[in-house]
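Heads up: the structure comes next, in structure tokens.
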Amino acid sequence: MPRRRTVERREVLPDPVYNSQLVTKFINGIMRRGKKSVAEKIFYGAMELIQARTNDDPMKIFKRAVDQVKPQLEVKSRRVGGSTYQVPVEVPPNRQLSLSIRWLIEYAKQRHEKWTPQTTAAALLRSVRIRTVWLKPTRPSVTTGGKGKNGGLGVFERRDVVLTLA
């Protein structure tokens with residue numbers, strides 16, 4: 001990270017088939033060792049399989065899969081005094097997108113030894129069917145540790161997430 005100025009984000013060109021920057025980012029995430037044509041074959045093959053299985057627009061399903069996986073909150077360590085607290089913070093939109101793409105690609109790779117369009121299509125279809133259920137309230141509790149001037153930081157209740165098929 002530079003000290004003097006912020007680094008400008010590069011604008012990604014849209015892909016030629018779907019004319020979407022999101023697709024280009026996903027293909028770039030799939031790509032290994034500069035083999036973009038192999039990554040394109042995997043992605044476009046997966047989109048054809050999604051089209052055949054669902055008889056629906058594959059781009060709509062792809063966008064829904066990416067949106068479904070986007071995280072809303074993440075915890076960051078905050079050191080106060082001698083203690084370290086896990087404080088939930090909102091995830092910026094560009095990090096939400098990069099995390100969701102990375103998680104989808106990792107999930108598709110973990111499904112089988114050889115990464116093919118079938119594994120990518122199955123990962124995208126499965127992520128569309130996953131739904132999150134919150135079991136506990138998301139507000140912070142009012143208990144304090146009794147440290148510091150203001151009584152310490154509030155302790156946040158843990159939220160349990162259950163993944164169910166819709």
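In the structure tokens, the first chain shown is A, the next is B, and so on; residue numbers restart at 1 for each chain, and ligands run from 1 in the order shown.
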Residues at most 8 Å from region 84-88 of chain A, counting only C-alpha atoms, excluding those fewer than 2 positions away in the same chain, as a compact mmCIF listing (two decimals) with C-alpha atoms, in the first residue's frame?
# COMPACT_ATOMS: atom_id res chain seq x y z
CA LEU A 73 -20.72 -8.41 7.57
CA GLU A 74 -17.26 -9.56 8.55
CA VAL A 75 -15.43 -9.43 11.85
CA LYS A 76 -12.22 -7.51 12.30
CA SER A 77 -9.93 -7.66 15.31
CA ARG A 78 -9.93 -4.51 17.44
CA ARG A 79 -7.33 -4.22 20.17
CA VAL A 80 -8.35 -2.19 23.21
CA GLY A 82 -4.74 -5.72 26.59
CA GLU A 90 -19.92 -3.92 6.98
CA PHE A 156 -21.61 -9.12 20.43
| Leaving out region 51-55 of chain A and any residue of its chain fewer than 2 positions from it, which residues lie within 12 Å of it when counting only C-alpha atoms, given as a ChimeraX atom specification? | /A:44-49,57-62,118,121-122,124-125,128
| task | Name the residues of region 9-97 of chain A that come out as helix (DSSP H, G or I) in a backbone DSSP run; write them as a PyMOL selection string. | result | chain A and resi 21-30+36-54+58-69+93-97
| query | Nearest to Pro117 (chain A) among A:Arg129, A:Arg95, A:Lys35, A:Lys41, with distances taken over only C-alpha atoms: which residue is it? | reply |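 Distance minimum relative to Pro117 (chain A) lands on A:Lys41.
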| said: As an exercise, work out the distance from CA of Asp67 (chain A) to CA of Pro16 (chain A) in Å and give it to one decimal place. | reply: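 A separation of 22.2 Å between them.
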| message | I need the strand (DSSP E) residues of region 68-139 of chain A per DSSP on the backbone, written as a PyMOL selection string. | response | chain A and resi 73-80+83-90+130-134
Give me, as a tab-separated table, each residue of region 2-40 of chain A that comes within 12 Å of region 108-115 of chain A, together with its shortest interatomic pair and the distance in Å at one decimal, counting only C-alpha atoms, with rows ordered by chain and rising residue number.
residue	atom	partner	partner_atom	distance
A:Gly29	CA	A:Lys109	CA	11.8
A:Ile30	CA	A:Lys109	CA	9.5
A:Met31	CA	A:Trp115	CA	11.5
A:Arg32	CA	A:Trp115	CA	11.7
A:Val38	CA	A:Trp115	CA	10.8
A:Ala39	CA	A:Trp115	CA	10.2
| query | Restricting the calculation to only C-alpha atoms, which member of A:Ser20, A:Ser83, A:Gln72, A:Thr6 is positioned closest to Leu99 (chain A)? | reply |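 Checking each of A:Ser20, A:Ser83, A:Gln72, A:Thr6 against Leu99 (chain A), counting only C-alpha atoms, the winner is A:Gln72.
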| query | CA of Thr119 (chain A) and CA of Asn19 (chain A) are how many Å apart? | reply | 23.5 Å
| message | What does the structure give for the distance between CA of Gln96 (chain A) and CA of Lys70 (chain A), in Å to one decimal? | response |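 Computing the Euclidean distance for CA of Gln96 (chain A) and CA of Lys70 (chain A) yields 5.3 Å.
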